[in-house]
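Report on one structure; see the data block that follows.
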Amino acid sequence: MKKYYFTSESVTEGHPDKLCDYISDSILDECLKQDENSRVAVETFASKNKITIAGQITTNAKINAEEIARNVIKEIGYDNEQTDIDYRTCNIDVNITTQSPDIAMGVDTGGAGDQGIMFGYASSETENYMPFAIDMAHKLAKKLTEVRKNGVIPYLRPDGKTQVTVEYENDMPKRIETIIISNQHLETASMEQIRKDITEKVIHEVVPQKFLDENTKIYINTTGRFVIGGPLGDTGLTGRKIIVDTYGGYSRHGGGAFSGKDPSKVDRSASYMLRYIAKNIVANNLAKKCEIEISYAIGMDKPISICVDTFGTSTIPEEEIVKLISNKFDLSPKGIINYLDLKKPIYRQTTNYGHFGKENMPWEKIIKL
């Protein structure tokens, strides 16, 4: 009997890095809404009551990046520069240029926008084919935002993190060993009230009771105070939560971030396609786990390599799975964009609580292979 522990974390939409991801993806969506052929690579940096937006955009769209950023900060709920950031008074600096013609030369013909490696993963351990630890961490983080915005726990502020340690037995989740939650709060809230409310109104509302027992450890705001948060407590940067965005560390990662990039960037589009293929391999009972890696060269339209690892769980040889992928799917950047219909403004939906496991996204559909 194989027993081990695995831990994953997630963050709320008010985490400084996620604030930046959300601004970048909101700018991307506005560009695609007006011009589906927009080329976008936008980074956002958040610090003390200041937002810096920089990158390259080539588009026919007319956008106001400052207005988009302020609306995002307001939507998240940041309105106090003394404790985090204020959407009304923060300084916003925009420095955007057009895409390099050297890159465009390769992308315009349907090639990849960069070289690199991408991974996709799926597992049968949950209904949405995600690893259990990251799935639970996302659901807890999302619930923290829900109870804040709907007034169930009105003294919470936007910044927060969750962490879940799962005990596995024979590669399946058996129980939850530890839950850690840190969430920003108003100074008037007592730690006793915070811990009681989050335990009752977040953890027990989200986590199935069968995974909790008398030995499960729960830690909430372990420093005893979390009043200063957001960009005032810690700087934020687009693309700094790539493990939160994917599989919580359970699968390997190519290193490229997603947010702020249009689908011609294979960092994003190929990762979505590989999740789609891996999920369908598992859903079609060809394996219980599946990880796929592909690589690209800038300007070239076909992958340089394809690698499949089913961790000894496949029902057919992995070489046959590779052939199936190569024969059934067009893995050129253009082929991926067309297959998943990625030129639509759908990317704000992906920013928070993971890019995978959301049933309404095109790369989560299940087909017959």
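Order determines the names: the first chain of the structure tokens is A, the second B, and so forth; residues in each chain are numbered 1 upward, and ligands are numbered 1 upward as they are shown.
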Fewer than 4 positions away in the same chain doesn't count, so skip those; otherwise give me all residues within 9 Å of Lys139 in chain A, counting only C-alpha atoms, as a ChimeraX atom specification. /A:10,134-135,143-144,206-207,353
Please produce a file of those selected residues containing C-alpha atoms, as a PDB file, in the first residue's frame.
```
ATOM      1  CA  SER A  10      -4.355  28.657  -4.614  1.00  0.00           C
ATOM      2  CA  ILE A 134      -5.381  21.922  -6.317  1.00  0.00           C
ATOM      3  CA  ASP A 135      -9.093  21.377  -6.941  1.00  0.00           C
ATOM      4  CA  LYS A 143     -15.472  30.530  -1.604  1.00  0.00           C
ATOM      5  CA  LEU A 144     -13.435  33.132   0.300  1.00  0.00           C
ATOM      6  CA  VAL A 206     -16.594  23.400   0.494  1.00  0.00           C
ATOM      7  CA  VAL A 207     -14.723  20.299   1.647  1.00  0.00           C
ATOM      8  CA  TYR A 353      -9.069  29.757  -9.569  1.00  0.00           C
TER       9      TYR A 353
END
```
Can you pull out the residues contacting range 302-312 of chain A? Cut-off 10 Å, using only C-alpha atoms, and skip same-chain residues under 6 positions away; I want them as a ChimeraX atom specification. /A:110-112,115-123,270,278,281-282,286-296,318-323,325-326,330-335
Take the residues from that selection and put them in a file with C-alpha atoms, as a PDB file, in the first residue's frame.
```pdb
ATOM      1  CA  GLY A 110       0.820  30.478 -38.875  1.00  0.00           C
ATOM      2  CA  GLY A 111       3.981  29.635 -36.955  1.00  0.00           C
ATOM      3  CA  ALA A 112       4.515  29.569 -33.215  1.00  0.00           C
ATOM      4  CA  GLN A 115      10.024  28.465 -28.912  1.00  0.00           C
ATOM      5  CA  GLY A 116       9.288  26.509 -25.763  1.00  0.00           C
ATOM      6  CA  ILE A 117       7.853  23.436 -24.072  1.00  0.00           C
ATOM      7  CA  MET A 118       4.266  22.985 -22.863  1.00  0.00           C
ATOM      8  CA  PHE A 119       2.556  20.353 -20.724  1.00  0.00           C
ATOM      9  CA  GLY A 120      -1.014  19.119 -20.305  1.00  0.00           C
ATOM     10  CA  TYR A 121      -2.297  16.821 -17.573  1.00  0.00           C
ATOM     11  CA  ALA A 122      -5.412  14.993 -16.415  1.00  0.00           C
ATOM     12  CA  SER A 123      -6.225  12.462 -13.705  1.00  0.00           C
ATOM     13  CA  ALA A 270      -0.827  24.746 -26.720  1.00  0.00           C
ATOM     14  CA  ALA A 278      -4.929  14.599 -21.807  1.00  0.00           C
ATOM     15  CA  ILE A 281      -7.374  10.280 -23.005  1.00  0.00           C
ATOM     16  CA  VAL A 282      -8.377   9.749 -19.364  1.00  0.00           C
ATOM     17  CA  LEU A 286      -7.098   4.982 -22.215  1.00  0.00           C
ATOM     18  CA  ALA A 287      -5.295   5.829 -18.957  1.00  0.00           C
ATOM     19  CA  LYS A 288      -5.993   6.849 -15.359  1.00  0.00           C
ATOM     20  CA  LYS A 289      -3.385   9.601 -15.525  1.00  0.00           C
ATOM     21  CA  CYS A 290      -1.883  11.322 -18.519  1.00  0.00           C
ATOM     22  CA  GLU A 291       0.778  13.976 -18.989  1.00  0.00           C
ATOM     23  CA  ILE A 292       1.667  15.254 -22.456  1.00  0.00           C
ATOM     24  CA  GLU A 293       4.621  17.416 -23.457  1.00  0.00           C
ATOM     25  CA  ILE A 294       5.181  19.107 -26.807  1.00  0.00           C
ATOM     26  CA  SER A 295       7.814  21.564 -27.977  1.00  0.00           C
ATOM     27  CA  TYR A 296       7.882  24.297 -30.619  1.00  0.00           C
ATOM     28  CA  GLU A 318       1.965   4.962 -24.974  1.00  0.00           C
ATOM     29  CA  GLU A 319       3.406   4.836 -28.502  1.00  0.00           C
ATOM     30  CA  GLU A 320      -0.134   4.197 -29.757  1.00  0.00           C
ATOM     31  CA  ILE A 321      -1.392   7.205 -27.811  1.00  0.00           C
ATOM     32  CA  VAL A 322       1.267   9.380 -29.452  1.00  0.00           C
ATOM     33  CA  LYS A 323       0.152   8.122 -32.880  1.00  0.00           C
ATOM     34  CA  ILE A 325      -2.631  12.379 -31.005  1.00  0.00           C
ATOM     35  CA  SER A 326      -0.574  12.969 -34.161  1.00  0.00           C
ATOM     36  CA  ASP A 330      -3.640  19.512 -35.764  1.00  0.00           C
ATOM     37  CA  LEU A 331      -1.138  20.863 -33.244  1.00  0.00           C
ATOM     38  CA  SER A 332      -0.025  23.823 -35.313  1.00  0.00           C
ATOM     39  CA  PRO A 333      -0.805  27.163 -33.603  1.00  0.00           C
ATOM     40  CA  LYS A 334      -3.390  27.926 -36.286  1.00  0.00           C
ATOM     41  CA  GLY A 335      -4.913  24.450 -35.964  1.00  0.00           C
TER      42      GLY A 335
END
```
Figure out the distance between CA of Ile337 in chain A and CA of Tyr129 in chain A, please, to one decimal in Å. 22.7 Å
For range 188-191 of chain A, find every residue with an atom within 9 Å (counting only C-alpha atoms), except residues of its own chain fewer than 2 positions away, and show them as a VMD selection string. chain A and resid 155 to 156 185 to 186 193 to 196 220 to 221 224 to 225
Nearest residue to Ser124 in chain A out of A:Ala283, A:Ala65, A:Ile277, A:Val72, using only C-alpha atoms?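 Comparing A:Ala283, A:Ala65, A:Ile277, A:Val72 against Ser124 in chain A, the winner is A:Ala283.
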Please, what distance in Å, to one decimal, runs between CA of Arg275 in chain A and CA of Trp363 in chain A?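 Calculated distance between CA of Arg275 in chain A and CA of Trp363 in chain A is 6.7 Å.
If only C-alpha atoms are the atoms counted, then among A:Ile51, A:Ile203, A:Leu342, A:Ile23 the closest residue to Thr89 in chain A is A:Ile51.
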Neighbouring residues of Ile57 in chain A were defined as those with any atom within 6 Å, considering only C-alpha atoms; residues of the same chain fewer than 5 positions away were excluded. Please report them as a PDB file with N, CA and C atoms, in the first residue's frame.
```pdb
ATOM      1  N   ARG A  39      -2.817  40.959 -31.624  1.00  0.00           N
ATOM      2  CA  ARG A  39      -1.627  40.332 -31.037  1.00  0.00           C
ATOM      3  C   ARG A  39      -1.342  41.067 -29.726  1.00  0.00           C
ATOM      4  N   VAL A  40      -1.371  40.331 -28.649  1.00  0.00           N
ATOM      5  CA  VAL A  40      -1.272  40.955 -27.325  1.00  0.00           C
ATOM      6  C   VAL A  40      -0.277  40.201 -26.457  1.00  0.00           C
ATOM      7  N   THR A  98       4.132  48.161 -30.155  1.00  0.00           N
ATOM      8  CA  THR A  98       3.586  47.149 -31.068  1.00  0.00           C
ATOM      9  C   THR A  98       4.500  45.927 -31.095  1.00  0.00           C
ATOM     10  N   GLN A  99       3.949  44.820 -31.603  1.00  0.00           N
ATOM     11  CA  GLN A  99       4.717  43.576 -31.677  1.00  0.00           C
ATOM     12  C   GLN A  99       5.927  43.736 -32.601  1.00  0.00           C
TER      13      GLN A  99
END
```
Could you give me the residues within range 14-95 of chain A that DSSP places in strand (DSSP E), as a list in words? Arg39, Val40, Ala41, Val42, Glu43, Thr44, Phe45, Ala46, Ser47, Lys50, Ile51, Thr52, Ile53, Ala54, Gly55, Gln56, Ile57, Thr58, Asn91, Ile92, Asp93, Val94 and Asn95 of chain A
Those same residues, written as a short mmCIF file (atom, residue, chain, number, x, y, z; two decimals), in the first residue's frame with N, CA and C atoms?
```
data_model
loop_
_atom_site.label_atom_id
_atom_site.label_comp_id
_atom_site.auth_asym_id
_atom_site.auth_seq_id
_atom_site.Cartn_x
_atom_site.Cartn_y
_atom_site.Cartn_z
N ARG A 39 -2.82 40.96 -31.62
CA ARG A 39 -1.63 40.33 -31.04
C ARG A 39 -1.34 41.07 -29.73
N VAL A 40 -1.37 40.33 -28.65
CA VAL A 40 -1.27 40.95 -27.33
C VAL A 40 -0.28 40.20 -26.46
N ALA A 41 0.61 40.94 -25.84
CA ALA A 41 1.51 40.40 -24.82
C ALA A 41 1.70 41.50 -23.77
N VAL A 42 0.83 41.50 -22.77
CA VAL A 42 0.77 42.59 -21.80
C VAL A 42 1.13 42.11 -20.41
N GLU A 43 2.03 42.81 -19.77
CA GLU A 43 2.42 42.53 -18.39
C GLU A 43 1.95 43.67 -17.49
N THR A 44 1.56 43.33 -16.27
CA THR A 44 1.14 44.32 -15.30
C THR A 44 1.95 44.15 -14.02
N PHE A 45 2.32 45.27 -13.43
CA PHE A 45 3.07 45.28 -12.17
C PHE A 45 2.33 46.15 -11.18
N ALA A 46 2.12 45.65 -9.96
CA ALA A 46 1.39 46.40 -8.94
C ALA A 46 2.29 46.63 -7.73
N SER A 47 2.31 47.87 -7.26
CA SER A 47 3.07 48.22 -6.07
C SER A 47 2.25 49.23 -5.27
N LYS A 50 0.12 51.96 -7.04
CA LYS A 50 0.55 52.22 -8.41
C LYS A 50 0.45 50.95 -9.25
N ILE A 51 -0.04 51.12 -10.47
CA ILE A 51 -0.12 50.02 -11.44
C ILE A 51 0.70 50.42 -12.67
N THR A 52 1.58 49.53 -13.09
CA THR A 52 2.36 49.75 -14.31
C THR A 52 1.95 48.69 -15.33
N ILE A 53 1.56 49.14 -16.51
CA ILE A 53 1.14 48.24 -17.59
C ILE A 53 2.10 48.42 -18.76
N ALA A 54 2.69 47.34 -19.20
CA ALA A 54 3.66 47.42 -20.30
C ALA A 54 3.56 46.19 -21.17
N GLY A 55 4.05 46.32 -22.40
CA GLY A 55 4.03 45.17 -23.30
C GLY A 55 3.88 45.58 -24.74
N GLN A 56 3.44 44.61 -25.55
CA GLN A 56 3.29 44.85 -26.99
C GLN A 56 1.87 44.49 -27.42
N ILE A 57 1.25 45.38 -28.14
CA ILE A 57 -0.09 45.14 -28.69
C ILE A 57 -0.12 45.62 -30.14
N THR A 58 -0.55 44.74 -31.05
CA THR A 58 -0.81 45.12 -32.44
C THR A 58 -2.27 44.81 -32.72
N ASN A 91 -2.05 55.53 -9.03
CA ASN A 91 -1.39 56.01 -10.24
C ASN A 91 -1.25 54.85 -11.22
N ILE A 92 -1.59 55.09 -12.48
CA ILE A 92 -1.49 54.05 -13.50
C ILE A 92 -0.60 54.53 -14.64
N ASP A 93 0.47 53.80 -14.86
CA ASP A 93 1.45 54.13 -15.90
C ASP A 93 1.34 53.10 -17.02
N VAL A 94 1.14 53.56 -18.25
CA VAL A 94 0.97 52.66 -19.39
C VAL A 94 2.11 52.86 -20.38
N ASN A 95 2.79 51.77 -20.73
CA ASN A 95 3.90 51.82 -21.68
C ASN A 95 3.76 50.63 -22.63
#
```
Enumerate the residues of range 220-322 of chain A with a DSSP assignment of alpha helix (DSSP H), computed from the backbone, and present them as an MDAnalysis selection string. chainID A and resid 230:233 242:245 266:283 318:322
Write the selection just made, keeping C-alpha atoms, as an mmCIF file, in the first residue's frame?
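Written output follows (selection-v7.cif):
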```cif
data_model
loop_
_atom_site.group_PDB
_atom_site.id
_atom_site.type_symbol
_atom_site.label_atom_id
_atom_site.label_comp_id
_atom_site.auth_asym_id
_atom_site.auth_seq_id
_atom_site.Cartn_x
_atom_site.Cartn_y
_atom_site.Cartn_z
ATOM 1 C CA GLY A 230 -2.815 43.649 -1.801
ATOM 2 C CA PRO A 231 -0.044 45.584 -3.560
ATOM 3 C CA LEU A 232 0.721 47.482 -0.343
ATOM 4 C CA GLY A 233 1.626 44.270 1.475
ATOM 5 C CA ILE A 242 1.868 29.572 -13.039
ATOM 6 C CA ILE A 243 1.579 26.538 -10.750
ATOM 7 C CA VAL A 244 -1.682 27.868 -9.300
ATOM 8 C CA ASP A 245 -2.872 28.378 -12.889
ATOM 9 C CA VAL A 266 1.773 28.679 -27.737
ATOM 10 C CA ASP A 267 2.611 29.089 -24.053
ATOM 11 C CA ARG A 268 -1.121 29.578 -23.661
ATOM 12 C CA SER A 269 -2.916 27.940 -26.587
ATOM 13 C CA ALA A 270 -0.827 24.746 -26.720
ATOM 14 C CA SER A 271 -1.145 24.275 -22.952
ATOM 15 C CA TYR A 272 -4.923 24.510 -23.328
ATOM 16 C CA MET A 273 -4.868 21.998 -26.185
ATOM 17 C CA LEU A 274 -2.718 19.548 -24.243
ATOM 18 C CA ARG A 275 -5.092 19.720 -21.282
ATOM 19 C CA TYR A 276 -7.922 18.948 -23.720
ATOM 20 C CA ILE A 277 -6.138 15.930 -25.175
ATOM 21 C CA ALA A 278 -4.929 14.599 -21.807
ATOM 22 C CA LYS A 279 -8.412 14.932 -20.322
ATOM 23 C CA ASN A 280 -9.958 13.039 -23.204
ATOM 24 C CA ILE A 281 -7.374 10.280 -23.005
ATOM 25 C CA VAL A 282 -8.377 9.749 -19.364
ATOM 26 C CA ALA A 283 -12.099 10.255 -19.992
ATOM 27 C CA GLU A 318 1.965 4.962 -24.974
ATOM 28 C CA GLU A 319 3.406 4.836 -28.502
ATOM 29 C CA GLU A 320 -0.134 4.197 -29.757
ATOM 30 C CA ILE A 321 -1.392 7.205 -27.811
ATOM 31 C CA VAL A 322 1.267 9.380 -29.452
#
```
From the options A:Arg175, A:Lys3, A:Lys261, A:Lys365, which residue's atoms come nearest to Tyr339 in chain A, counting only C-alpha atoms?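 Checking each candidate against Tyr339 in chain A, we get A:Lys365 as the closest.
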Here is a test: counting only C-alpha atoms, which residue of A:Pro208, A:Asn360, A:Tyr219, A:Val152 is nearest to Ile179 in chain A?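 For Ile179 in chain A, the nearest of the candidates is A:Tyr219.
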For Pro16 in chain A, which residue among A:Thr235, A:Thr178, A:Thr351, A:Thr162 is the nearest when counting only C-alpha atoms? A:Thr235
